[in-house]
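Structure file upload_37.cif (mmCIF, C-alpha atoms and all ligand atoms) follows.
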data_input
loop_
_atom_site.label_atom_id
_atom_site.label_comp_id
_atom_site.auth_asym_id
_atom_site.auth_seq_id
_atom_site.Cartn_x
_atom_site.Cartn_y
_atom_site.Cartn_z
CA MET A 255 0.00 0.00 0.00
CA ALA A 256 1.24 3.48 -0.83
CA LYS A 257 1.81 5.79 2.12
CA ALA A 258 -0.53 8.75 1.74
CA ILE A 259 1.67 11.77 2.28
CA SER A 260 0.42 13.79 5.22
CA VAL A 261 -0.59 17.34 4.42
CA ASP A 262 0.89 18.36 7.81
CA ILE A 263 4.42 17.82 6.51
CA PRO A 264 5.78 20.78 4.54
CA PRO A 265 7.06 20.00 1.03
CA THR A 266 10.57 18.59 1.27
CA LEU A 267 13.41 20.81 0.09
CA PRO A 268 16.02 18.51 -1.45
CA GLU A 269 18.95 20.21 0.32
CA THR A 270 17.44 19.36 3.74
CA VAL A 271 17.44 15.59 3.13
CA THR A 272 20.06 13.43 4.88
CA PRO A 273 20.43 9.63 5.19
CA ASP A 274 18.54 9.93 8.51
CA THR A 275 15.45 11.63 7.07
CA PRO A 276 12.61 9.09 7.55
CA LEU A 277 10.94 7.98 4.32
CA ASP A 278 7.50 8.87 5.66
CA GLN A 279 8.67 12.41 6.33
CA LEU A 280 9.28 13.05 2.64
CA ASN A 281 6.59 15.24 1.07
CA LEU A 282 7.13 15.21 -2.67
CA ASN A 283 4.05 17.29 -3.53
CA TRP A 284 5.70 20.55 -4.42
CA SER A 285 3.76 23.57 -5.56
CA GLU A 286 5.04 25.97 -8.20
CA ARG A 287 6.19 28.28 -5.38
CA ASP A 288 8.12 25.53 -3.56
CA LEU A 289 9.86 24.42 -6.72
CA PRO A 290 9.64 26.98 -9.52
CA GLU A 291 10.18 26.01 -13.13
CA ARG A 292 13.63 27.57 -13.37
CA GLU A 293 14.76 25.19 -10.59
CA ARG A 294 13.22 22.14 -12.25
CA THR A 295 14.91 23.04 -15.54
CA LYS A 296 18.20 24.34 -14.15
CA HIS A 297 21.41 24.29 -16.23
CA VAL A 298 21.59 21.36 -18.65
CA HIS A 299 18.25 19.85 -17.67
CA ARG A 300 16.68 22.06 -20.34
CA LEU A 301 19.24 21.64 -23.09
CA HIS A 302 16.66 20.02 -25.37
CA PRO A 303 12.94 19.18 -25.11
CA TYR A 304 12.14 15.62 -24.09
CA LEU A 305 8.72 14.23 -23.26
CA GLY A 306 8.67 11.92 -20.23
CA LYS A 307 11.36 13.38 -17.94
CA PHE A 308 11.19 13.21 -14.19
CA ILE A 309 12.19 16.20 -12.16
CA PRO A 310 15.79 16.50 -10.96
CA GLN A 311 14.81 17.29 -7.37
CA LEU A 312 13.31 13.79 -6.98
CA VAL A 313 16.66 12.31 -7.97
CA GLU A 314 18.52 14.68 -5.65
CA ILE A 315 16.37 13.66 -2.69
CA PHE A 316 17.03 9.94 -3.17
CA LEU A 317 20.73 10.45 -3.85
CA ARG A 318 20.99 12.28 -0.52
CA LYS A 319 18.88 9.75 1.37
CA TYR A 320 20.49 6.52 0.14
CA PHE A 321 23.89 7.28 -1.39
CA LYS A 322 27.21 9.03 -0.84
CA ALA A 323 29.85 10.71 -2.97
CA GLY A 324 31.95 8.16 -4.85
CA ASP A 325 29.11 5.62 -5.25
CA VAL A 326 28.14 4.33 -8.70
CA ILE A 327 24.54 5.09 -9.68
CA TYR A 328 22.91 3.42 -12.67
CA ASP A 329 19.84 4.37 -14.69
CA PRO A 330 18.79 1.54 -17.04
CA PHE A 331 16.29 3.86 -18.81
CA CYS A 332 18.32 7.06 -18.72
CA GLY A 333 16.25 9.00 -21.30
CA SER A 334 17.37 12.62 -21.32
CA GLY A 335 19.88 11.92 -18.54
CA THR A 336 18.24 13.45 -15.46
CA THR A 337 19.66 10.86 -13.05
CA LEU A 338 23.09 11.05 -14.65
CA VAL A 339 23.27 14.84 -14.46
CA GLU A 340 22.18 14.86 -10.81
CA ALA A 341 24.68 12.12 -9.94
CA THR A 342 27.51 14.19 -11.43
CA THR A 343 26.61 17.26 -9.39
CA PHE A 344 26.18 15.11 -6.25
CA GLY A 345 29.62 13.55 -6.72
CA ALA A 346 28.66 10.00 -7.72
CA HIS A 347 29.97 8.09 -10.73
CA THR A 348 27.19 7.16 -13.05
CA ILE A 349 26.16 4.80 -15.84
CA GLY A 350 23.12 5.11 -18.06
CA SER A 351 21.66 2.99 -20.81
CA ASP A 352 18.90 3.71 -23.30
CA ILE A 353 17.62 2.02 -26.43
CA ALA A 354 16.99 5.31 -28.27
CA ALA A 355 20.16 6.67 -29.91
CA PHE A 356 19.04 10.30 -29.65
CA ASN A 357 18.51 9.95 -25.89
CA VAL A 358 22.01 8.50 -25.54
CA LEU A 359 23.44 11.43 -27.49
CA LEU A 360 21.53 13.92 -25.33
CA SER A 361 22.61 12.24 -22.07
CA ARG A 362 26.26 12.20 -23.20
CA VAL A 363 26.15 15.87 -24.17
CA LYS A 364 24.55 16.87 -20.88
CA THR A 365 27.11 15.06 -18.74
CA ALA A 366 30.32 15.69 -20.72
CA VAL A 367 33.20 17.77 -19.40
CA TYR A 368 33.77 20.96 -21.40
CA ASP A 369 36.58 23.41 -21.79
CA VAL A 370 34.19 26.32 -21.40
CA SER A 371 36.09 28.85 -23.50
CA LEU A 372 36.60 26.41 -26.39
CA MET A 373 32.92 25.39 -26.18
CA ARG A 374 31.83 29.03 -26.31
CA TYR A 375 34.16 29.75 -29.24
CA GLU A 376 32.91 26.78 -31.27
CA VAL A 377 29.21 27.38 -30.64
CA LEU A 378 29.55 31.03 -31.72
CA ASP A 379 31.89 30.30 -34.65
CA ILE A 380 29.64 27.79 -36.41
CA LEU A 381 26.72 30.14 -35.92
CA GLU A 382 28.69 33.00 -37.45
CA GLN A 383 29.56 30.83 -40.47
CA VAL A 384 25.89 30.13 -41.12
CA ARG A 385 24.93 33.77 -40.53
CA GLN A 386 27.55 35.07 -42.96
CA TRP A 387 26.46 32.63 -45.57
CA ARG A 388 22.86 33.73 -45.16
CA GLU A 389 23.83 37.40 -45.44
CA GLN A 390 26.19 37.00 -48.38
CA GLY A 391 24.73 34.02 -50.17
CA LEU A 392 28.00 32.09 -49.86
CA PHE A 393 26.53 28.65 -49.55
CA HIS A 394 27.70 27.32 -52.91
CA THR A 395 31.29 28.36 -52.34
CA LEU A 396 31.44 27.02 -48.80
CA LEU A 397 29.87 23.67 -49.55
CA GLU A 398 28.40 21.74 -52.36
CA LEU A 399 24.80 22.49 -51.64
CA PRO A 400 23.22 20.28 -54.30
CA GLU A 401 24.98 17.28 -52.83
CA HIS A 402 23.69 18.01 -49.33
CA TRP A 403 20.31 19.00 -50.61
CA ASP A 404 19.92 15.76 -52.53
CA GLN A 405 20.77 13.82 -49.40
CA ALA A 406 17.90 15.40 -47.47
CA SER A 407 15.24 12.78 -46.83
CA GLU A 408 11.64 12.98 -47.95
CA TYR A 409 10.65 13.79 -44.35
CA LEU A 410 13.03 16.77 -44.20
CA ARG A 411 11.83 18.17 -47.51
CA GLN A 412 8.24 17.83 -46.37
CA TRP A 413 8.59 19.30 -42.88
CA TYR A 414 10.82 22.33 -43.56
CA ALA A 415 10.52 25.46 -45.63
CA PRO A 416 13.37 25.47 -48.21
CA ARG A 417 15.23 28.31 -46.51
CA ALA A 418 15.00 26.68 -43.07
CA LEU A 419 16.26 23.37 -44.43
CA GLU A 420 19.19 25.07 -46.19
CA GLU A 421 20.27 26.66 -42.93
CA LEU A 422 19.99 23.39 -41.03
CA LEU A 423 21.88 21.46 -43.71
CA LEU A 424 24.66 24.04 -43.78
CA TYR A 425 25.03 23.91 -40.00
CA ARG A 426 25.11 20.11 -40.18
CA ALA A 427 27.77 20.13 -42.90
CA LEU A 428 30.01 22.38 -40.78
CA ILE A 429 29.86 20.27 -37.60
CA PRO A 430 32.79 17.95 -38.46
CA ARG A 431 35.15 20.95 -38.29
CA TYR A 432 34.73 21.27 -34.52
CA THR A 433 35.71 19.47 -31.30
CA TYR A 434 32.33 19.53 -29.55
CA GLN A 435 30.42 17.92 -32.39
CA ASP A 436 27.80 16.23 -30.22
CA LEU A 437 26.93 19.49 -28.49
CA LEU A 438 26.49 21.18 -31.88
CA LYS A 439 24.24 18.31 -32.95
CA ILE A 440 22.00 19.00 -29.96
CA ILE A 441 21.79 22.71 -30.81
CA LEU A 442 20.97 21.72 -34.40
CA SER A 443 18.30 19.29 -33.27
CA ARG A 444 16.67 21.75 -30.87
CA SER A 445 16.57 24.37 -33.63
CA ALA A 446 15.24 21.83 -36.11
CA ARG A 447 12.42 20.99 -33.71
CA SER A 448 11.34 24.64 -33.57
CA ALA A 449 11.83 25.24 -37.31
CA ARG A 450 9.50 22.43 -38.44
CA LEU A 451 6.40 23.39 -40.37
CA THR A 452 4.22 22.89 -37.31
CA THR A 453 1.72 25.14 -35.64
CA HIS A 454 3.04 26.92 -32.54
CA PHE A 455 0.55 25.05 -30.37
CA ASP A 456 1.43 21.53 -31.47
CA LEU A 457 5.16 21.00 -31.30
CA ASP A 458 4.80 17.67 -29.46
CA PHE A 459 2.53 15.73 -31.81
CA PRO A 460 2.22 17.51 -35.17
CA LYS A 461 0.26 15.48 -37.69
CA SER A 462 0.95 17.15 -41.02
CA PRO A 463 3.13 20.06 -42.19
CA GLN A 464 1.53 23.50 -41.83
CA THR A 465 2.32 25.38 -45.02
CA GLU A 466 -0.37 28.10 -44.88
CA PRO A 467 -1.09 30.88 -42.32
CA TYR A 468 -3.29 29.51 -39.51
CA TYR A 469 -5.21 30.61 -36.43
CA CYS A 470 -2.86 30.02 -33.51
CA TYR A 471 -4.49 28.94 -30.22
CA LYS A 472 -1.30 29.73 -28.33
CA HIS A 473 -0.88 33.31 -29.54
CA ARG A 474 -4.58 33.98 -30.26
CA ARG A 475 -3.93 35.42 -33.67
CA VAL A 476 -3.12 34.33 -37.21
CA CYS A 477 0.47 33.04 -37.36
CA GLN A 478 2.68 32.26 -40.34
CA PRO A 479 4.38 28.89 -40.83
CA VAL A 480 8.04 28.91 -39.85
CA GLY A 481 10.24 29.98 -42.76
CA GLU A 482 13.75 29.97 -41.31
CA ALA A 483 15.98 28.15 -38.82
CA LEU A 484 18.70 30.74 -38.21
CA LYS A 485 16.81 32.63 -35.50
CA PHE A 486 16.42 29.38 -33.56
CA LEU A 487 20.07 28.46 -34.06
CA GLN A 488 20.96 31.87 -32.66
CA ARG A 489 18.62 31.65 -29.68
CA TYR A 490 19.58 28.11 -28.69
CA SER A 491 23.32 28.67 -29.19
CA LEU A 492 23.32 31.44 -26.61
CA ASP A 493 21.08 29.47 -24.28
CA THR A 494 23.31 26.39 -24.59
CA ILE A 495 26.46 28.36 -23.75
CA ARG A 496 24.82 29.70 -20.60
CA ARG A 497 23.56 26.29 -19.55
CA ILE A 498 26.86 24.48 -20.10
CA GLU A 499 28.73 27.20 -18.20
CA ALA A 500 26.32 26.91 -15.27
CA TYR A 501 26.62 23.11 -15.27
CA MET A 502 30.42 23.11 -15.42
CA ALA A 503 30.45 25.30 -12.30
CA VAL A 504 28.68 22.53 -10.29
CA ARG A 505 29.79 19.32 -12.01
CA LYS A 506 32.08 17.14 -9.88
CA PRO A 507 35.05 15.24 -11.38
CA VAL A 508 33.28 11.88 -11.66
CA GLU A 509 33.08 9.23 -14.38
CA VAL A 510 30.08 8.92 -16.70
CA GLN A 511 29.30 6.14 -19.16
CA VAL A 512 26.22 6.25 -21.37
CA LEU A 513 25.55 3.02 -23.24
CA HIS A 514 23.34 2.64 -26.28
CA ALA A 515 21.89 -0.67 -25.15
CA ASP A 516 18.83 -2.65 -24.17
CA ALA A 517 18.24 -2.62 -20.40
CA ARG A 518 17.23 -6.31 -20.56
CA SER A 519 20.60 -7.49 -21.81
CA VAL A 520 23.21 -4.76 -21.33
CA THR A 521 26.50 -5.69 -19.68
CA LEU A 522 27.61 -2.94 -17.32
CA PRO A 523 31.32 -2.10 -17.19
CA ARG A 524 31.40 -2.16 -13.35
CA LEU A 525 29.35 -3.02 -10.26
CA ILE A 526 26.80 -0.44 -9.12
CA ASP A 527 25.75 0.81 -5.66
CA GLY A 528 22.24 1.76 -6.63
CA VAL A 529 19.67 2.68 -9.22
CA ILE A 530 17.40 5.69 -9.69
CA THR A 531 15.18 5.34 -12.73
CA SER A 532 11.84 6.09 -14.35
CA PRO A 533 10.96 3.29 -16.76
CA PRO A 534 8.74 3.78 -19.79
CA TYR A 535 5.10 2.97 -19.03
CA VAL A 536 2.69 0.85 -21.07
CA GLY A 537 1.43 2.42 -24.28
CA LEU A 538 2.22 6.00 -23.28
CA ILE A 539 5.03 7.51 -25.39
CA ASP A 540 6.96 6.59 -28.55
CA TYR A 541 10.46 7.58 -27.52
CA HIS A 542 12.03 7.38 -30.97
CA ASP A 543 9.18 9.12 -32.75
CA GLN A 544 9.14 12.17 -30.50
CA HIS A 545 12.57 13.11 -31.94
CA ARG A 546 11.94 11.98 -35.52
CA TYR A 547 13.45 15.22 -36.95
CA ALA A 548 16.72 14.50 -35.11
CA TYR A 549 16.93 10.93 -36.43
CA GLU A 550 16.34 12.23 -39.96
CA LEU A 551 18.81 15.09 -39.73
CA LEU A 552 21.59 13.35 -37.82
CA GLY A 553 21.21 9.94 -39.45
CA LEU A 554 20.98 8.14 -36.10
CA PRO A 555 20.26 4.39 -35.97
CA ARG A 556 16.74 3.47 -34.86
CA ALA A 557 15.69 0.55 -32.68
CA GLU A 558 12.03 1.18 -31.92
CA ASP A 559 11.19 -2.52 -32.00
CA LEU A 560 13.20 -2.88 -28.80
CA GLU A 561 11.43 0.01 -27.07
CA ILE A 562 9.50 -1.31 -24.04
CA GLY A 563 5.91 -0.08 -23.65
CA ALA A 564 5.91 2.10 -26.80
CA ALA A 565 2.60 3.92 -27.46
CA LYS A 566 2.27 2.20 -30.82
CA LYS A 567 2.35 -1.21 -29.11
CA GLY A 568 -0.90 -0.24 -27.33
CA THR A 569 -2.38 -1.32 -24.00
CA SER A 570 -4.04 -4.62 -24.90
CA ARG A 571 -3.87 -7.57 -22.50
CA ASN A 572 -1.01 -8.96 -24.57
CA ALA A 573 0.85 -5.65 -24.53
CA LEU A 574 0.49 -5.49 -20.73
CA GLN A 575 1.77 -9.00 -20.24
CA ARG A 576 4.69 -8.34 -22.56
CA TYR A 577 5.47 -5.13 -20.67
CA GLU A 578 5.56 -6.93 -17.34
CA GLU A 579 7.89 -9.62 -18.70
CA ASP A 580 10.15 -7.00 -20.25
CA MET A 581 10.39 -5.04 -17.00
CA ILE A 582 11.14 -8.17 -14.99
CA ALA A 583 13.91 -8.96 -17.48
CA ALA A 584 15.30 -5.41 -17.29
CA PHE A 585 15.38 -5.33 -13.47
CA ARG A 586 16.74 -8.89 -13.24
CA ASN A 587 19.54 -7.89 -15.54
CA THR A 588 20.15 -4.76 -13.45
CA ALA A 589 20.31 -6.86 -10.27
CA ARG A 590 23.25 -8.84 -11.73
CA PHE A 591 25.46 -5.76 -11.33
CA LEU A 592 24.01 -4.41 -8.08
CA LYS A 593 25.99 -4.86 -4.87
CA PRO A 594 24.18 -6.87 -2.15
CA GLY A 595 21.78 -4.64 -0.23
CA GLY A 596 21.83 -2.09 -3.08
CA ILE A 597 18.88 0.29 -3.32
CA VAL A 598 16.69 0.78 -6.38
CA VAL A 599 14.37 3.80 -6.66
CA VAL A 600 11.71 3.48 -9.37
CA VAL A 601 9.49 6.42 -10.34
CA VAL A 602 6.53 5.36 -12.45
CA ARG A 603 2.80 5.90 -12.74
CA ASP A 604 1.79 2.35 -11.80
CA SER A 605 -1.93 2.76 -12.51
CA ARG A 606 -2.29 -0.98 -13.21
CA GLY A 607 -0.48 -2.15 -10.08
CA LEU A 608 2.18 -4.13 -11.93
CA TYR A 609 5.24 -3.18 -9.94
CA ALA A 610 4.84 -5.30 -6.79
CA ASN A 611 5.07 -8.38 -8.97
CA ILE A 612 7.90 -6.93 -11.07
CA ALA A 613 9.94 -6.31 -7.88
CA ALA A 614 9.31 -9.80 -6.50
CA GLN A 615 10.07 -11.54 -9.81
CA ALA A 616 13.25 -9.55 -10.31
CA GLY A 617 14.49 -10.46 -6.80
CA PHE A 618 13.87 -7.27 -4.81
CA GLU A 619 12.44 -6.67 -1.37
CA ILE A 620 10.08 -3.67 -1.15
CA LEU A 621 11.26 -1.07 1.38
CA GLY A 622 8.78 1.68 0.68
CA HIS A 623 6.18 3.14 -1.64
CA LEU A 624 5.42 6.84 -1.82
CA ARG A 625 2.97 8.58 -4.06
CA ARG A 626 3.18 12.11 -5.35
CA GLU A 627 0.79 14.35 -7.14
CA VAL A 628 2.02 15.68 -10.46
CA ASN A 629 -0.13 18.69 -11.04
CA ARG A 630 1.73 20.95 -13.36
CA ARG A 631 3.14 19.42 -16.45
CA THR A 632 3.91 21.89 -19.19
CA GLY A 633 2.58 21.61 -22.74
CA ARG A 634 -0.66 20.07 -23.84
CA ARG A 635 -0.69 17.20 -21.39
CA ALA A 636 -1.53 19.55 -18.54
CA THR A 637 -3.55 17.15 -16.39
CA ALA A 638 -3.05 16.19 -12.74
CA PHE A 639 -2.09 12.62 -11.95
CA TYR A 640 -0.18 10.55 -9.45
CA GLU A 641 3.28 9.15 -9.74
CA ASP A 642 4.50 6.23 -7.62
CA VAL A 643 7.93 6.08 -6.08
CA PHE A 644 9.03 2.55 -5.15
CA ILE A 645 12.06 1.83 -3.03
CA TRP A 646 13.45 -1.69 -3.39
CA ARG A 647 16.47 -3.47 -1.93
CA LYS A 648 18.35 -6.33 -3.51
CA SER A 649 17.44 -9.33 -1.37
C1 LIG B 1 10.42 7.57 -18.85
S1 LIG B 1 11.78 7.63 -19.95
C2 LIG B 1 13.13 8.02 -18.90
C3 LIG B 1 13.23 9.48 -18.64
C4 LIG B 1 14.38 9.91 -17.77
N1 LIG B 1 14.18 9.53 -16.38
C5 LIG B 1 14.56 11.41 -17.86
O1 LIG B 1 14.34 12.12 -16.88
O2 LIG B 1 14.86 11.87 -18.96
C6 LIG B 1 12.04 5.96 -20.39
C7 LIG B 1 13.21 5.70 -21.34
O3 LIG B 1 13.32 4.27 -21.50
C8 LIG B 1 13.86 4.03 -22.79
N2 LIG B 1 13.66 2.63 -23.16
C9 LIG B 1 12.57 2.02 -23.66
N3 LIG B 1 12.81 0.70 -23.87
C10 LIG B 1 14.09 0.48 -23.48
C11 LIG B 1 14.94 -0.68 -23.45
N4 LIG B 1 14.51 -1.85 -23.88
N5 LIG B 1 16.19 -0.54 -22.95
C12 LIG B 1 16.66 0.67 -22.54
N6 LIG B 1 15.92 1.80 -22.58
C13 LIG B 1 14.65 1.71 -23.04
C14 LIG B 1 13.16 5.05 -23.68
O4 LIG B 1 13.89 5.26 -24.86
C15 LIG B 1 13.08 6.26 -22.75
O5 LIG B 1 14.16 7.14 -23.00
#
Show how you would write the structure in this file as structure tokens.
Amino acid sequence: MAKAISVDIPPTLPETVTPDTPLDQLNLNWSERDLPERERTKHVHRLHPYLGKFIPQLVEIFLRKYFKAGDVIYDPFCGSGTTLVEATTFGAHTIGSDIAAFNVLLSRVKTAVYDVSLMRYEVLDILEQVRQWREQGLFHTLLELPEHWDQASEYLRQWYAPRALEELLLYRALIPRYTYQDLLKIILSRSARSARLTTHFDLDFPKSPQTEPYYCYKHRRVCQPVGEALKFLQRYSLDTIRRIEAYMAVRKPVEVQVLHADARSVTLPRLIDGVITSPPYVGLIDYHDQHRYAYELLGLPRAEDLEIGAAKKGTSRNALQRYEEDMIAAFRNTARFLKPGGIVVVVVRDSRGLYANIAAQAGFEILGHLRREVNRRTGRRATAFYEDVFIWRKS
């Protein structure tokens, strides 16, 4: 049974948590005032949009309660890297795995060590190259445009205005000249997301390209389809520099490994002290598809067939059974590398009550179960719901 969190306990501030803080004294129901958006999206946590993140303060609380500096923390479903980033600022070594190549790229970029002045120089230099080309029409002398243009996939031609696609392709062609190529790919991808021919109010799940002016529910006026990418490249370049600088000021000198692998079968390079993770849930999100533009532009390998619980697999009885088996396999595999007595924190909306069985089958003893209200998601999925937090110990 989940412990109902008493309203008498004030919301827990992560920095107040110590190993002695009792589990039932944790109140994870923060209001906007307790935990404003800028805190939830601090430094690299908002380097790129990603649907299905958990909030960094949850990770921070459980790092402080159960772990110490120097431990090794693993996230088998690392997604956009929230656990990994928090581990590096806490002082723990960390390993992540994910089946989606874009998520691996994003997690690596967020947790890398940067020479801040070189990073700043490169981010501004590539931007300047694209800007100069746009101003002076230098594209054909800098690169062989037709070659790049011909390589653009059907999807890219369909979802971008010609000028926007030219700018994105030029930026992409320049990336190999620099040291921090993965970081530049993330800036490119974030800009490409904003430069798609979508309406302003449907960036998460656009159905078809918007090529004509349209009534915009977000801005309450008629808006034009996006025609360029340069303004987004500019905006996100400056934002990225600021975020990386802020992160480097708090990142500890710890080791990070992000593996592009299936959680059910991955071999970890070392033993782990604990796990903090939020697994995919049944039939909720397609993790590859949400970054389709990035896969198309960066030519990343896709493995959606191995994605557990993908939305397109549905929520039928079969899909549920398959999900349960897959999760048992993933946590069993994780347990192989976990030191005896190691703690696993799982954050998931377990609306079908599957996780007690998953824990037992994977060989874990249940230490606790908290529930928290999630009442302010951004974007179109702005509905209140509960999230479960399970604490297991390797038995
Ligand atoms: C809920 S998200 C994790 C989000 C993460 N906690 C964060 O804050 O960004 C679940 C992740 O599991 C990944 N995933 C799905 N099937 C997987 C598998 N078989 N092995 C490894 N990762 C998988 C998805 O690609 C997705 O990134």
Next on the checklist: Ranking A:Leu277, A:Leu487, A:Leu451, A:Val504 by minimum distance to His297 in chain A and counting all atoms listed in the file, which one comes first?
Outcome noted: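 With all atoms listed in the file as the atom set, the closest residue is A:Val504.
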Item to check | Among the residues A:Arg475, A:His302, A:Arg625, A:Lys307, the one that comes closest to ligand LIG 1 (chain B) [using only C-alpha atoms and all ligand atoms] | outcome: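 Answer, going by the shortest atom-to-atom distance: A:Lys307.
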Checklist entry - Using all atoms listed in the file, which of the listed residues (A:Asn572, A:Gln383, A:Gln405, A:Ser334) sits closest to ligand LIG 1 (chain B)? => result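 For ligand LIG 1 (chain B), the nearest of the candidates is A:Ser334.
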Show me a table, sorted first by chain and then by increasing residue number, of the residues of chain A having an atom at most 7 Å from ligand LIG 1 (chain B), each with its shortest atom pair and the distance in Å to one decimal, counting all atoms listed in the file and written as CSV.
residue,atom,partner,partner_atom,distance
A:Tyr304,CA,B:LIG1,O2,6.9
A:Gly306,CA,B:LIG1,C1,4.9
A:Lys307,CA,B:LIG1,O1,3.4
A:Phe308,CA,B:LIG1,O1,4.3
A:Ile309,CA,B:LIG1,O1,6.6
A:Pro330,CA,B:LIG1,C12,6.0
A:Phe331,CA,B:LIG1,O3,4.0
A:Cys332,CA,B:LIG1,C4,5.0
A:Gly333,CA,B:LIG1,O5,3.3
A:Ser334,CA,B:LIG1,O2,3.5
A:Gly335,CA,B:LIG1,O2,5.0
A:Thr336,CA,B:LIG1,O1,4.4
A:Thr337,CA,B:LIG1,N1,6.5
A:Ser351,CA,B:LIG1,C12,5.8
A:Asp352,CA,B:LIG1,N6,3.6
A:Ile353,CA,B:LIG1,N6,4.2
A:Ala354,CA,B:LIG1,O4,4.6
A:Asn357,CA,B:LIG1,O5,5.9
A:Ala515,CA,B:LIG1,C12,6.0
A:Asp516,CA,B:LIG1,N5,3.6
A:Ala517,CA,B:LIG1,N5,3.9
A:Arg518,CA,B:LIG1,N4,6.2
A:Thr531,CA,B:LIG1,N1,5.6
A:Ser532,CA,B:LIG1,N1,4.6
A:Pro533,CA,B:LIG1,C6,4.6
A:Pro534,CA,B:LIG1,C6,4.0
A:Tyr541,CA,B:LIG1,O4,4.9
A:His542,CA,B:LIG1,O4,6.7
A:Leu560,CA,B:LIG1,N4,5.2
A:Glu561,CA,B:LIG1,N3,3.6
A:Ile562,CA,B:LIG1,N3,3.9
A:Gly563,CA,B:LIG1,N3,6.9
I need the residues from that last selection saved to file as a PDB file, in the frame of the given file (with C-alpha atoms), if you can.
ATOM      1  CA  TYR A 304      12.140  15.620 -24.090  1.00  0.00           C
ATOM      2  CA  GLY A 306       8.670  11.920 -20.230  1.00  0.00           C
ATOM      3  CA  LYS A 307      11.360  13.380 -17.940  1.00  0.00           C
ATOM      4  CA  PHE A 308      11.190  13.210 -14.190  1.00  0.00           C
ATOM      5  CA  ILE A 309      12.190  16.200 -12.160  1.00  0.00           C
ATOM      6  CA  PRO A 330      18.790   1.540 -17.040  1.00  0.00           C
ATOM      7  CA  PHE A 331      16.290   3.860 -18.810  1.00  0.00           C
ATOM      8  CA  CYS A 332      18.320   7.060 -18.720  1.00  0.00           C
ATOM      9  CA  GLY A 333      16.250   9.000 -21.300  1.00  0.00           C
ATOM     10  CA  SER A 334      17.370  12.620 -21.320  1.00  0.00           C
ATOM     11  CA  GLY A 335      19.880  11.920 -18.540  1.00  0.00           C
ATOM     12  CA  THR A 336      18.240  13.450 -15.460  1.00  0.00           C
ATOM     13  CA  THR A 337      19.660  10.860 -13.050  1.00  0.00           C
ATOM     14  CA  SER A 351      21.660   2.990 -20.810  1.00  0.00           C
ATOM     15  CA  ASP A 352      18.900   3.710 -23.300  1.00  0.00           C
ATOM     16  CA  ILE A 353      17.620   2.020 -26.430  1.00  0.00           C
ATOM     17  CA  ALA A 354      16.990   5.310 -28.270  1.00  0.00           C
ATOM     18  CA  ASN A 357      18.510   9.950 -25.890  1.00  0.00           C
ATOM     19  CA  ALA A 515      21.890  -0.670 -25.150  1.00  0.00           C
ATOM     20  CA  ASP A 516      18.830  -2.650 -24.170  1.00  0.00           C
ATOM     21  CA  ALA A 517      18.240  -2.620 -20.400  1.00  0.00           C
ATOM     22  CA  ARG A 518      17.230  -6.310 -20.560  1.00  0.00           C
ATOM     23  CA  THR A 531      15.180   5.340 -12.730  1.00  0.00           C
ATOM     24  CA  SER A 532      11.840   6.090 -14.350  1.00  0.00           C
ATOM     25  CA  PRO A 533      10.960   3.290 -16.760  1.00  0.00           C
ATOM     26  CA  PRO A 534       8.740   3.780 -19.790  1.00  0.00           C
ATOM     27  CA  TYR A 541      10.460   7.580 -27.520  1.00  0.00           C
ATOM     28  CA  HIS A 542      12.030   7.380 -30.970  1.00  0.00           C
ATOM     29  CA  LEU A 560      13.200  -2.880 -28.800  1.00  0.00           C
ATOM     30  CA  GLU A 561      11.430   0.010 -27.070  1.00  0.00           C
ATOM     31  CA  ILE A 562       9.500  -1.310 -24.040  1.00  0.00           C
ATOM     32  CA  GLY A 563       5.910  -0.080 -23.650  1.00  0.00           C
TER      33      GLY A 563
END
Checklist entry - When distances are computed from all atoms listed in the file, which of A:Ile349, A:Ile645, A:Val271, A:Ile539 shows the smallest separation from Glu619 in chain A? => result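 When distances to Glu619 in chain A are compared using all atoms listed in the file, the smallest one comes from A:Ile645.
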Checklist entry - Nearest to Glu466 in chain A: which of A:Ala415, A:Ser519, A:Tyr535, A:Asp580 is it, counting only C-alpha atoms? => result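 Smallest distance to Glu466 in chain A is found for A:Ala415.
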Next on the checklist: Just checking: using all atoms listed in the file, which residue out of A:Val367, A:Leu289, A:Leu442, A:Leu522 ends up closest to Thr588 in chain A?
Outcome noted: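 Closest residue, counting all atoms listed in the file: A:Leu522.
Remark: residues at most 12 Å from position (31.3, 32.3, -29.6) in file coordinates are Val370, Ser371, Leu372, Met373, Arg374, Tyr375, Glu376, Val377, Leu378, Asp379, Ile380, Leu381, Glu382, Gln383, Gln488, Ser491, Leu492, Asp493, Thr494, Ile495 and Arg496 of chain A, using all atoms listed in the file.
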Just C-alpha atoms for this one: save the residues we selected as a compact mmCIF listing (two decimals), keeping the file's coordinate frame.
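Output file out-v1.txt is given in full below:
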# COMPACT_ATOMS: atom_id res chain seq x y z
CA VAL A 370 34.19 26.32 -21.40
CA SER A 371 36.09 28.85 -23.50
CA LEU A 372 36.60 26.41 -26.39
CA MET A 373 32.92 25.39 -26.18
CA ARG A 374 31.83 29.03 -26.31
CA TYR A 375 34.16 29.75 -29.24
CA GLU A 376 32.91 26.78 -31.27
CA VAL A 377 29.21 27.38 -30.64
CA LEU A 378 29.55 31.03 -31.72
CA ASP A 379 31.89 30.30 -34.65
CA ILE A 380 29.64 27.79 -36.41
CA LEU A 381 26.72 30.14 -35.92
CA GLU A 382 28.69 33.00 -37.45
CA GLN A 383 29.56 30.83 -40.47
CA GLN A 488 20.96 31.87 -32.66
CA SER A 491 23.32 28.67 -29.19
CA LEU A 492 23.32 31.44 -26.61
CA ASP A 493 21.08 29.47 -24.28
CA THR A 494 23.31 26.39 -24.59
CA ILE A 495 26.46 28.36 -23.75
CA ARG A 496 24.82 29.70 -20.60
